[in-house]
$ cat model-v9.txt   # compact mmCIF, C-alpha atoms
# COMPACT_ATOMS: atom_id res chain seq x y z
CA MET A 1 -1.22 31.33 -15.71
CA ILE A 2 -2.94 28.31 -14.17
CA ARG A 3 -5.09 27.91 -17.30
CA VAL A 4 -1.97 27.95 -19.45
CA LEU A 5 -0.04 25.49 -17.31
CA SER A 6 -2.85 23.04 -16.61
CA PRO A 7 -2.79 21.26 -20.01
CA ILE A 8 0.99 20.90 -19.73
CA LEU A 9 0.66 19.40 -16.26
CA TRP A 10 -2.07 17.03 -17.48
CA LEU A 11 0.22 15.86 -20.28
CA LEU A 12 3.17 15.36 -17.95
CA GLY A 13 0.87 13.46 -15.62
CA ILE A 14 0.57 10.68 -18.20
CA PHE A 15 4.21 9.84 -17.53
CA SER A 16 3.96 9.96 -13.76
CA HIS A 17 2.23 8.01 -11.00
CA GLN A 18 -0.92 10.14 -11.39
CA LYS A 19 -3.94 7.87 -11.50
CA SER A 20 -7.10 9.96 -11.15
CA PHE A 21 -9.45 9.81 -14.14
CA ARG A 22 -11.46 12.60 -12.56
CA ARG A 23 -8.75 15.15 -11.82
CA ASN A 24 -6.75 14.78 -15.03
CA PRO A 25 -8.99 15.19 -18.12
CA LEU A 26 -6.43 13.48 -20.35
CA LEU A 27 -6.30 10.36 -18.17
CA GLY A 28 -10.09 10.38 -17.98
CA SER A 29 -10.69 10.99 -21.68
CA ARG A 30 -13.07 8.37 -23.06
CA LEU A 31 -11.63 8.87 -26.54
CA ALA A 32 -8.01 8.55 -25.39
CA ASN A 33 -8.76 5.41 -23.41
CA ARG A 34 -10.65 3.87 -26.32
CA ALA A 35 -7.43 4.46 -28.27
CA GLY A 36 -5.53 2.63 -25.52
CA LEU A 37 -4.02 5.35 -23.31
CA HIS A 38 -4.69 3.56 -20.03
CA VAL A 39 -3.56 0.21 -21.42
CA PHE A 40 -0.37 1.85 -22.71
CA ARG A 41 0.37 3.18 -19.21
CA VAL A 42 -0.30 -0.21 -17.62
CA VAL A 43 1.94 -2.07 -20.08
CA ALA A 44 4.76 0.50 -20.03
CA ALA A 45 4.78 0.58 -16.23
CA ARG A 46 4.90 -3.22 -16.11
CA ALA A 47 7.86 -3.33 -18.52
CA ALA A 48 9.85 -0.90 -16.35
CA TYR A 49 8.88 -2.85 -13.23
CA ARG A 50 10.08 -6.17 -14.68
CA LEU A 51 13.40 -4.60 -15.70
CA ARG A 52 13.97 -3.27 -12.20
CA LEU A 53 13.22 -6.66 -10.65
CA VAL A 54 15.81 -8.30 -12.91
CA LEU A 55 18.41 -5.82 -11.69
CA LEU A 56 17.50 -6.52 -8.06
CA ALA A 57 17.41 -10.34 -8.30
CA PRO A 58 20.41 -10.81 -5.96
CA LEU A 59 18.40 -9.36 -3.06
CA MET A 60 15.98 -12.29 -2.89
CA GLY A 61 16.40 -16.04 -3.15
CA ALA A 62 15.17 -17.78 -6.29
CA GLU A 63 12.35 -19.64 -4.50
CA ASP A 64 10.98 -16.44 -2.97
CA ARG A 65 11.27 -14.61 -6.29
CA ARG A 66 9.24 -17.33 -8.01
CA ALA A 67 6.58 -17.24 -5.28
CA PHE A 68 6.31 -13.46 -5.45
CA ALA A 69 6.04 -13.53 -9.25
CA ARG A 70 3.47 -16.33 -9.19
CA ASP A 71 1.24 -15.21 -6.31
CA GLY A 72 1.86 -11.47 -5.95
CA TYR A 73 2.77 -11.76 -2.28
CA LEU A 74 5.40 -13.15 0.07
CA VAL A 75 4.80 -14.52 3.56
CA LYS A 76 7.54 -14.88 6.18
CA ARG A 77 6.51 -16.42 9.51
CA ASP A 78 8.75 -16.01 12.57
CA PHE A 79 10.27 -13.05 10.79
CA LEU A 80 12.28 -11.86 13.81
CA PRO A 81 13.92 -13.91 16.55
CA ALA A 82 11.40 -14.32 19.36
CA ALA A 83 13.39 -12.22 21.84
CA ASP A 84 13.77 -9.34 19.36
CA PHE A 85 10.07 -9.47 18.51
CA ASP A 86 9.09 -9.34 22.18
CA ARG A 87 11.36 -6.32 22.73
CA LEU A 88 9.88 -4.59 19.67
CA CYS A 89 6.32 -5.07 20.94
CA HIS A 90 7.30 -3.81 24.38
CA GLU A 91 8.89 -0.67 22.92
CA ILE A 92 5.83 0.04 20.76
CA ASP A 93 3.46 -0.46 23.69
CA ARG A 94 5.36 2.14 25.68
CA ILE A 95 6.04 4.79 23.07
CA GLU A 96 4.12 8.03 23.48
CA THR A 97 4.31 10.24 20.42
CA ARG A 98 2.36 12.05 17.72
CA ILE A 99 -0.42 9.89 16.26
CA HIS A 100 -2.37 10.54 13.08
CA GLU A 101 -5.88 9.16 13.19
CA MET A 102 -8.46 8.76 10.44
CA VAL A 103 -11.82 7.10 9.94
CA GLU A 104 -12.73 4.86 7.00
CA GLY A 105 -16.34 3.80 7.33
CA ASP A 106 -16.60 2.07 10.70
CA THR A 107 -12.84 1.49 11.00
CA LEU A 108 -10.54 3.73 13.02
CA THR A 109 -6.92 3.78 11.84
CA GLN A 110 -4.09 5.18 13.94
CA ARG A 111 -0.60 5.59 12.46
CA ILE A 112 2.77 6.74 13.79
CA PHE A 113 5.26 7.81 11.15
CA VAL A 114 8.58 6.10 11.78
CA ASP A 115 11.22 8.78 11.25
CA ALA A 116 14.72 9.17 12.69
CA GLU A 117 13.41 10.66 15.94
CA CYS A 118 10.93 7.81 16.35
CA LEU A 119 13.62 5.20 15.65
CA SER A 120 15.79 6.69 18.39
CA ARG A 121 13.07 5.54 20.79
CA LEU A 122 12.60 2.17 19.09
CA PRO A 123 16.11 0.68 19.13
CA THR A 124 14.93 -2.80 18.15
CA LEU A 125 13.18 -1.56 15.03
CA ASP A 126 16.19 0.64 14.24
CA ALA A 127 18.42 -2.45 14.37
CA VAL A 128 16.02 -4.42 12.14
CA LEU A 129 16.06 -1.70 9.49
CA ALA A 130 19.86 -1.70 9.55
CA ASP A 131 20.06 -5.46 8.97
CA ARG A 132 20.20 -6.56 5.33
CA ARG A 133 18.72 -9.97 6.22
CA TYR A 134 15.42 -8.30 6.99
CA THR A 135 15.40 -5.42 4.52
CA ALA A 136 16.62 -7.19 1.36
CA PRO A 137 13.27 -8.88 0.52
CA ILE A 138 11.44 -5.58 1.05
CA ARG A 139 13.91 -3.65 -1.10
CA TYR A 140 13.43 -6.25 -3.86
CA ALA A 141 9.64 -6.06 -3.66
CA THR A 142 9.67 -2.26 -4.03
CA SER A 143 11.51 -2.84 -7.34
CA LYS A 144 13.51 0.30 -6.53
CA ASN A 145 16.05 -1.01 -3.97
CA ARG A 146 14.61 1.37 -1.43
CA LEU A 147 13.38 1.15 2.12
CA PRO A 148 9.70 2.07 1.98
CA LEU A 149 7.89 4.56 4.15
CA ILE A 150 7.23 2.91 7.49
CA PHE A 151 4.44 3.47 10.00
CA ILE A 152 3.23 1.80 13.15
CA GLU A 153 -0.40 1.04 12.40
CA ASN A 154 -3.28 0.27 14.71
CA LEU A 155 -6.60 -0.75 13.11
CA LEU A 156 -9.70 -0.73 15.28
CA ARG A 157 -12.50 -2.45 13.42
CA HIS A 158 -16.13 -1.42 14.06
CA ALA A 159 -14.85 1.33 16.34
CA ILE A 160 -17.26 3.90 14.84
CA ALA A 161 -20.75 3.03 16.02
CA ASP A 162 -22.67 4.76 13.22
CA GLY A 163 -20.00 4.40 10.55
CA ASP A 164 -20.58 3.21 7.00
CA ASP A 165 -18.99 0.09 5.57
CA ASP A 166 -15.21 0.16 5.49
CA PRO A 167 -14.25 1.06 1.88
CA GLN A 168 -11.14 -1.10 2.23
CA SER A 169 -13.40 -4.13 2.61
CA THR A 170 -14.39 -3.98 -1.07
CA PRO A 171 -12.12 -5.91 -3.48
CA HIS A 172 -9.89 -3.37 -5.20
CA THR A 173 -6.50 -2.50 -6.63
CA ASP A 174 -4.54 0.54 -5.50
CA THR A 175 -3.46 1.96 -8.84
CA PHE A 176 -2.55 1.11 -12.44
CA HIS A 177 0.94 -0.22 -11.67
CA SER A 178 2.72 -2.47 -9.22
CA THR A 179 3.23 -0.97 -5.78
CA ILE A 180 3.83 -2.69 -2.49
CA LYS A 181 2.32 -2.68 0.93
CA GLY A 182 3.56 -4.82 3.76
CA TRP A 183 2.89 -5.70 7.36
CA LEU A 184 4.92 -7.15 10.18
CA PHE A 185 1.98 -8.17 12.34
CA LEU A 186 2.35 -7.46 16.05
CA ASP A 187 -0.86 -9.33 16.94
CA ASP A 188 -2.22 -12.68 15.85
CA VAL A 189 -4.40 -12.11 12.79
CA THR A 190 -7.66 -14.05 12.95
CA ASP A 191 -11.05 -13.83 11.29
CA ARG A 192 -12.09 -11.65 14.22
CA ASN A 193 -9.78 -8.72 13.42
CA GLY A 194 -10.24 -8.62 9.67
CA PRO A 195 -7.34 -10.31 7.88
CA PHE A 196 -5.74 -8.93 4.75
CA THR A 197 -7.16 -10.87 1.80
CA TYR A 198 -5.58 -11.31 -1.64
CA VAL A 199 -6.47 -13.05 -4.91
CA PRO A 200 -3.33 -15.04 -5.83
CA GLY A 201 -2.05 -14.26 -9.30
CA SER A 202 -4.36 -11.28 -9.82
CA HIS A 203 -1.30 -9.01 -10.13
CA ARG A 204 -0.23 -10.70 -13.36
CA LEU A 205 -0.88 -8.82 -16.58
CA THR A 206 -2.90 -11.52 -18.32
CA ALA A 207 -5.14 -11.01 -21.34
CA ALA A 208 -8.17 -11.17 -19.02
CA ARG A 209 -6.76 -8.52 -16.69
CA LEU A 210 -5.66 -6.25 -19.51
CA GLY A 211 -9.05 -6.52 -21.19
CA TRP A 212 -10.79 -5.67 -17.92
CA GLU A 213 -8.49 -2.64 -17.43
CA TYR A 214 -9.28 -1.46 -20.95
CA ARG A 215 -13.05 -1.70 -20.53
CA ARG A 216 -13.01 -0.07 -17.10
CA SER A 217 -10.77 2.79 -18.23
CA ILE A 218 -13.30 3.88 -20.87
CA VAL A 219 -15.98 4.53 -18.25
CA ALA A 220 -13.77 5.27 -15.23
CA SER A 221 -14.23 9.05 -15.22
CA LYS A 222 -18.02 8.55 -14.97
CA LEU A 223 -17.91 6.11 -12.07
CA ALA A 224 -18.99 7.41 -8.69
CA ASP A 225 -18.04 4.90 -6.02
CA GLY A 226 -15.56 7.35 -4.49
CA HIS A 227 -12.47 5.39 -5.54
CA SER A 228 -12.60 3.95 -9.07
CA GLU A 229 -12.85 7.39 -10.65
CA ASP A 230 -9.65 8.29 -8.80
CA GLY A 231 -7.81 5.27 -10.18
CA SER A 232 -8.31 2.69 -7.41
CA PHE A 233 -10.66 0.33 -9.25
CA ARG A 234 -13.31 -1.57 -7.29
CA TYR A 235 -14.28 -5.13 -8.28
CA ASP A 236 -17.43 -7.14 -7.77
CA SER A 237 -17.48 -10.94 -7.46
CA ASP A 238 -18.05 -11.42 -11.21
CA ASP A 239 -15.06 -9.19 -11.99
CA VAL A 240 -12.83 -11.24 -9.68
CA ARG A 241 -13.98 -14.56 -11.15
CA GLY A 242 -13.44 -13.20 -14.65
CA LEU A 243 -9.71 -12.82 -13.95
CA GLY A 244 -9.41 -16.61 -13.80
CA CYS A 245 -7.17 -16.59 -10.70
CA GLY A 246 -7.21 -18.75 -7.60
CA ASP A 247 -9.50 -18.49 -4.61
CA PRO A 248 -8.86 -15.51 -2.32
CA VAL A 249 -6.38 -16.13 0.50
CA ARG A 250 -7.06 -14.75 3.96
CA PHE A 251 -3.87 -14.09 5.84
CA THR A 252 -4.84 -15.47 9.22
CA VAL A 253 -1.32 -15.64 10.56
CA PRO A 254 0.40 -15.54 13.96
CA ALA A 255 2.11 -12.47 15.29
CA ASN A 256 5.66 -11.98 14.01
CA THR A 257 4.62 -12.78 10.44
CA MET A 258 5.62 -10.47 7.62
CA VAL A 259 3.42 -10.19 4.53
CA VAL A 260 4.52 -8.19 1.47
CA ALA A 261 2.02 -7.79 -1.38
CA ASP A 262 1.89 -6.22 -4.84
CA THR A 263 -1.22 -4.08 -4.59
CA PHE A 264 -1.77 -4.09 -8.35
CA GLY A 265 -3.34 -7.40 -7.39
CA VAL A 266 -6.91 -7.54 -6.08
CA HIS A 267 -7.06 -7.32 -2.30
CA TRP A 268 -9.20 -6.13 0.60
CA ARG A 269 -9.76 -6.27 4.35
CA ALA A 270 -11.97 -9.17 5.31
CA PRO A 271 -14.96 -8.56 7.60
CA ALA A 272 -14.13 -8.38 11.31
CA GLY A 273 -15.75 -8.81 14.65
CA GLY A 274 -16.71 -5.85 16.79
CA GLY A 275 -14.01 -4.13 18.81
CA ALA A 276 -11.14 -6.12 17.27
CA ARG A 277 -7.78 -4.46 16.75
CA ARG A 278 -4.85 -5.31 14.50
CA ARG A 279 -1.43 -3.76 15.07
CA ALA A 280 1.46 -3.92 12.63
CA ILE A 281 4.60 -2.31 11.35
CA TRP A 282 3.06 -1.11 8.08
CA PHE A 283 5.01 0.03 5.06
CA GLN A 284 4.34 1.11 1.53
CA SER A 285 6.26 2.19 -1.55
CA ARG A 286 4.81 4.06 -4.50
CA ASP A 287 6.39 6.50 -6.95
CA ASN A 288 6.95 7.07 -10.68
CA PRO A 289 6.34 3.65 -12.26
CA PHE A 290 7.95 4.44 -15.62
CA SER A 291 11.50 5.00 -14.40
CA PRO A 292 13.82 2.06 -15.18
CA PHE A 293 16.30 3.16 -12.50
CA ILE A 294 16.96 1.75 -9.05
CA THR A 295 18.57 3.66 -6.23
CA PRO A 296 22.17 2.76 -5.35
CA LEU A 297 21.74 4.46 -1.95
CA PRO A 298 18.62 3.07 -0.24
CA ARG A 299 19.35 4.68 3.14
CA LEU A 300 19.90 8.14 1.69
CA THR A 301 16.79 7.78 -0.48
CA ARG A 302 14.73 6.91 2.57
CA ARG A 303 16.01 9.98 4.44
CA ILE A 304 15.08 12.19 1.49
CA ASN A 305 11.60 10.65 1.31
CA GLU A 306 11.26 11.05 5.06
CA PHE A 307 11.98 14.79 4.75
CA PHE A 308 9.17 15.30 2.24
CA VAL A 309 6.69 13.10 4.12
CA LYS A 310 7.30 15.04 7.32
CA ARG A 311 6.56 18.27 5.45
CA TYR A 312 3.36 16.75 4.07
CA LEU A 313 2.30 15.57 7.53
CA ALA A 314 2.98 19.04 8.93
CA ARG A 315 0.57 20.51 6.35
CA PHE A 316 -1.90 17.75 7.20
CA ASP A 317 -1.69 18.67 10.88
CA ARG A 318 -2.54 22.30 10.13
CA THR A 319 -5.71 21.41 8.20
CA VAL A 320 -6.85 18.31 10.05
CA GLY A 321 -9.78 20.07 11.65
CA ALA A 322 -11.32 20.63 8.22
CA ARG A 323 -11.86 16.91 7.58
CA ASP A 324 -14.35 14.76 9.43
CA GLY A 325 -12.95 11.83 11.35
CA GLU A 326 -9.33 12.96 11.29
CA ARG A 327 -7.25 14.23 14.16
CA VAL A 328 -3.69 14.42 15.42
CA PHE A 329 -2.81 13.93 19.06
CA LYS A 330 0.07 12.95 21.29
CA GLY A 331 -0.34 9.72 23.20
CA ARG A 332 -0.22 5.95 22.88
CA LEU A 333 -1.98 3.63 20.48
CA SER A 334 -5.49 2.73 21.62
CA SER A 335 -6.23 -0.76 22.82
CA GLU A 336 -9.97 -0.53 22.19
$ encode --input "model-v9.txt" --output "structure tokens"
Amino acid sequence: MIRVLSPILWLLGIFSHQKSFRRNPLLGSRLANRAGLHVFRVVAARAAYRLRLVLLAPLMGAEDRRAFARDGYLVKRDFLPAADFDRLCHEIDRIETRIHEMVEGDTLTQRIFVDAECLSRLPTLDAVLADRRYTAPIRYATSKNRLPLIFIENLLRHAIADGDDDPQSTPHTDTFHSTIKGWLFLDDVTDRNGPFTYVPGSHRLTAARLGWEYRRSIVASKLADGHSEDGSFRYDSDDVRGLGCGDPVRFTVPANTMVVADTFGVHWRAPAGGGARRRAIWFQSRDNPFSPFITPLPRLTRRINEFFVKRYLARFDRTVGARDGERVFKGRLSSE
């Protein structure tokens, strides 16, 4: 039965958010990509994305929309009133809950999934998520009018003494279509704790970018850097220069700054000093890129997504011992 269904699932995968050239033989087909399969997916996804943004234009001011379209990111300093931000940090410092921990090279990442139970213990964050002033720009950036999945994130750079290089420190894109990641930074971000870095304008579908995507797609299934063959393309310095975009921007910003970025653009974590940590409210949104529809019920959609993510995390918890560098525990975020 699996042999019969597999080709059907591979075909359906073309019209989904699937991105792995290695796991789906149709997506990884050298012949199909020479004929333009990958480019077709990139262009079709971009067309649907642009349509959704037009429908959501009222959620964001014209100046911010232009900046997001031009640069691929939006930066909001002093995002929350100072008193609210201080209360939020205090609540996060005190919360003791289930923490998912993973290792990427020499970086230790701890995340707390923000679900309804968690929000009941974080009243300030709950109030922020209920306030349209704060959520409207995020809902616009998702292009789906939805509240993204939200985590409390704690990055501990160089925390693994014998770890390899952090794979997130290599310039890369997340997938073949526009998705968002965002951070409300709870700590000052400096060169010491590895700022998020982005190449302005690299999210735009220029002739240079489309040509690069075409050439890379033909060989993607044969790459072996651990990421490109699964659809998260890695770039070297010549690749980045070839896009003809601006110089990379390091987001060295004060605490209480929100950054939202389109991760179809080239980005990475900058190098960091030893023992540095970076805490944030971290969110991401990624789903079927070809749908032209937006949700009319962002709160309900988030609750539905939350249900499925909690089920996924429960399965993760049961198998965590089988993967090196991953664990689940109850406690507080580490400070070092």
$ atom_distance --input "model-v9.txt" --atom1 "CA of Thr97 (chain A)" --atom2 "CA of Glu326 (chain A)"
16.6 Å
$ residues_around --input "model-v9.txt" --residues "region 294-309 of chain A" --least-positions-apart "4" --cutoff "6 Å" --atoms "only C-alpha atoms" --output "number ranges by chain"
A: 144-147
$ write_last_selection --input "model-v9.txt" --atoms "C-alpha atoms" --output "CSV table (one decimal), keeping the file's coordinate frame"
chain,number,residue,atom,x,y,z
A,144,LYS,CA,13.5,0.3,-6.5
A,145,ASN,CA,16.0,-1.0,-4.0
A,146,ARG,CA,14.6,1.4,-1.4
A,147,LEU,CA,13.4,1.2,2.1
$ closest_residue --input "model-v9.txt" --among "A:Arg111, A:His267, A:Arg94, A:Arg279" --to "Pro200 (chain A)" --atoms "all atoms listed in the file"
A:His267
$ closest_atom_pairs --input "model-v9.txt" --of "region 36-124 of chain A" --to "region 164-179 of chain A" --cutoff "8 Å" --atoms "only C-alpha atoms" --output "CSV"
residue,atom,partner,partner_atom,distance
A:Arg41,CA,A:Phe176,CA,7.7
A:Val42,CA,A:Phe176,CA,5.8
A:Ala45,CA,A:His177,CA,6.0
A:Arg46,CA,A:His177,CA,6.7
A:Tyr49,CA,A:Ser178,CA,7.4
A:Glu104,CA,A:Asp166,CA,5.5
A:Gly105,CA,A:Asp166,CA,4.2
A:Asp106,CA,A:Asp164,CA,5.6
A:Thr107,CA,A:Asp166,CA,6.1
$ residues_near_point --input "model-v9.txt" --point "(-8.1, -6.2, 16.0)" --cutoff "9 Å" --atoms "all atoms listed in the file" --output "PyMOL selection string"
chain A and resi 154-157+187-190+192-194+272-279+335-336
$ closest_residue --input "model-v9.txt" --among "A:Arg121, A:His17, A:Arg234, A:Arg327" --to "Leu108 (chain A)" --atoms "all atoms listed in the file"
A:Arg327
$ atom_distance --input "model-v9.txt" --atom1 "CA of Asp239 (chain A)" --atom2 "CA of Leu210 (chain A)"
12.4 Å
$ atom_distance --input "model-v9.txt" --atom1 "CA of Arg209 (chain A)" --atom2 "CA of Asp238 (chain A)"
12.9 Å
$ closest_residue --input "model-v9.txt" --among "A:Leu27, A:Arg318, A:Ala130, A:Asp64" --to "Leu12 (chain A)" --atoms "only C-alpha atoms"
A:Leu27
$ residues_around --input "model-v9.txt" --residues "Glu91 (chain A)" --least-positions-apart "5" --cutoff "12 Å" --atoms "all atoms listed in the file" --output "list in words"
Asp84, Phe85, Asp86, Glu96, Cys118, Leu119, Ser120, Arg121, Leu122, Pro123, Thr124, Leu125, Asp126, Ile152, Leu186, Arg332 and Leu333 of chain A
$ residues_around --input "model-v9.txt" --residues "Leu37 (chain A)" --least-positions-apart "4" --cutoff "12 Å" --atoms "all atoms listed in the file" --output "PDB file with C-alpha atoms, in the frame of the given file"
ATOM      1  CA  LEU A  11       0.220  15.860 -20.280  1.00  0.00           C
ATOM      2  CA  ILE A  14       0.570  10.680 -18.200  1.00  0.00           C
ATOM      3  CA  PHE A  15       4.210   9.840 -17.530  1.00  0.00           C
ATOM      4  CA  PHE A  21      -9.450   9.810 -14.140  1.00  0.00           C
ATOM      5  CA  LEU A  26      -6.430  13.480 -20.350  1.00  0.00           C
ATOM      6  CA  LEU A  27      -6.300  10.360 -18.170  1.00  0.00           C
ATOM      7  CA  GLY A  28     -10.090  10.380 -17.980  1.00  0.00           C
ATOM      8  CA  SER A  29     -10.690  10.990 -21.680  1.00  0.00           C
ATOM      9  CA  ARG A  30     -13.070   8.370 -23.060  1.00  0.00           C
ATOM     10  CA  LEU A  31     -11.630   8.870 -26.540  1.00  0.00           C
ATOM     11  CA  ALA A  32      -8.010   8.550 -25.390  1.00  0.00           C
ATOM     12  CA  ASN A  33      -8.760   5.410 -23.410  1.00  0.00           C
ATOM     13  CA  ARG A  41       0.370   3.180 -19.210  1.00  0.00           C
ATOM     14  CA  VAL A  42      -0.300  -0.210 -17.620  1.00  0.00           C
ATOM     15  CA  VAL A  43       1.940  -2.070 -20.080  1.00  0.00           C
ATOM     16  CA  ALA A  44       4.760   0.500 -20.030  1.00  0.00           C
ATOM     17  CA  PHE A 176      -2.550   1.110 -12.440  1.00  0.00           C
ATOM     18  CA  GLU A 213      -8.490  -2.640 -17.430  1.00  0.00           C
ATOM     19  CA  TYR A 214      -9.280  -1.460 -20.950  1.00  0.00           C
ATOM     20  CA  ARG A 215     -13.050  -1.700 -20.530  1.00  0.00           C
ATOM     21  CA  SER A 217     -10.770   2.790 -18.230  1.00  0.00           C
ATOM     22  CA  ILE A 218     -13.300   3.880 -20.870  1.00  0.00           C
TER      23      ILE A 218
END
$ decode --input "model-v9.txt" --residues "region 181-199 of chain A" --atoms "N, CA and C atoms" --output "PDB file, in the first residue's frame"
ATOM      1  N   LYS A 181       9.733  34.828  10.672  1.00  0.00           N
ATOM      2  CA  LYS A 181      10.168  34.611  12.044  1.00  0.00           C
ATOM      3  C   LYS A 181      10.272  35.990  12.688  1.00  0.00           C
ATOM      4  N   GLY A 182      10.069  36.010  13.982  1.00  0.00           N
ATOM      5  CA  GLY A 182      10.135  37.291  14.676  1.00  0.00           C
ATOM      6  C   GLY A 182      10.603  37.121  16.102  1.00  0.00           C
ATOM      7  N   TRP A 183      11.083  38.222  16.659  1.00  0.00           N
ATOM      8  CA  TRP A 183      11.616  38.224  18.012  1.00  0.00           C
ATOM      9  C   TRP A 183      11.210  39.517  18.713  1.00  0.00           C
ATOM     10  N   LEU A 184      10.699  39.388  19.912  1.00  0.00           N
ATOM     11  CA  LEU A 184      10.635  40.522  20.828  1.00  0.00           C
ATOM     12  C   LEU A 184      11.751  40.269  21.824  1.00  0.00           C
ATOM     13  N   PHE A 185      12.840  40.989  21.668  1.00  0.00           N
ATOM     14  CA  PHE A 185      14.045  40.699  22.450  1.00  0.00           C
ATOM     15  C   PHE A 185      13.867  41.136  23.895  1.00  0.00           C
ATOM     16  N   LEU A 186      14.167  40.226  24.814  1.00  0.00           N
ATOM     17  CA  LEU A 186      14.070  40.495  26.243  1.00  0.00           C
ATOM     18  C   LEU A 186      15.393  40.960  26.823  1.00  0.00           C
ATOM     19  N   ASP A 187      16.471  40.785  26.074  1.00  0.00           N
ATOM     20  CA  ASP A 187      17.802  41.254  26.470  1.00  0.00           C
ATOM     21  C   ASP A 187      18.325  42.195  25.395  1.00  0.00           C
ATOM     22  N   ASP A 188      19.254  43.062  25.774  1.00  0.00           N
ATOM     23  CA  ASP A 188      19.966  43.843  24.764  1.00  0.00           C
ATOM     24  C   ASP A 188      20.708  42.879  23.847  1.00  0.00           C
ATOM     25  N   VAL A 189      20.631  43.129  22.547  1.00  0.00           N
ATOM     26  CA  VAL A 189      21.339  42.291  21.581  1.00  0.00           C
ATOM     27  C   VAL A 189      22.594  43.046  21.144  1.00  0.00           C
ATOM     28  N   THR A 190      23.739  42.443  21.406  1.00  0.00           N
ATOM     29  CA  THR A 190      25.028  43.037  21.070  1.00  0.00           C
ATOM     30  C   THR A 190      25.825  42.043  20.233  1.00  0.00           C
ATOM     31  N   ASP A 191      27.007  42.464  19.806  1.00  0.00           N
ATOM     32  CA  ASP A 191      27.860  41.543  19.065  1.00  0.00           C
ATOM     33  C   ASP A 191      28.270  40.351  19.921  1.00  0.00           C
ATOM     34  N   ARG A 192      28.176  40.496  21.231  1.00  0.00           N
ATOM     35  CA  ARG A 192      28.609  39.418  22.119  1.00  0.00           C
ATOM     36  C   ARG A 192      27.635  38.241  22.107  1.00  0.00           C
ATOM     37  N   ASN A 193      26.317  38.500  21.954  1.00  0.00           N
ATOM     38  CA  ASN A 193      25.383  37.377  22.021  1.00  0.00           C
ATOM     39  C   ASN A 193      24.804  36.978  20.667  1.00  0.00           C
ATOM     40  N   GLY A 194      25.501  37.321  19.600  1.00  0.00           N
ATOM     41  CA  GLY A 194      25.185  36.783  18.288  1.00  0.00           C
ATOM     42  C   GLY A 194      23.920  37.330  17.667  1.00  0.00           C
ATOM     43  N   PRO A 195      23.958  38.572  17.180  1.00  0.00           N
ATOM     44  CA  PRO A 195      22.727  39.174  16.642  1.00  0.00           C
ATOM     45  C   PRO A 195      22.230  38.503  15.374  1.00  0.00           C
ATOM     46  N   PHE A 196      20.917  38.518  15.207  1.00  0.00           N
ATOM     47  CA  PHE A 196      20.292  38.125  13.954  1.00  0.00           C
ATOM     48  C   PHE A 196      20.816  39.047  12.855  1.00  0.00           C
ATOM     49  N   THR A 197      21.163  38.457  11.723  1.00  0.00           N
ATOM     50  CA  THR A 197      21.768  39.201  10.614  1.00  0.00           C
ATOM     51  C   THR A 197      20.977  38.904   9.337  1.00  0.00           C
ATOM     52  N   TYR A 198      20.759  39.950   8.525  1.00  0.00           N
ATOM     53  CA  TYR A 198      19.882  39.820   7.359  1.00  0.00           C
ATOM     54  C   TYR A 198      20.446  40.652   6.214  1.00  0.00           C
ATOM     55  N   VAL A 199      20.324  40.127   4.996  1.00  0.00           N
ATOM     56  CA  VAL A 199      20.742  40.856   3.803  1.00  0.00           C
ATOM     57  C   VAL A 199      19.520  41.598   3.264  1.00  0.00           C
TER      58      VAL A 199
END
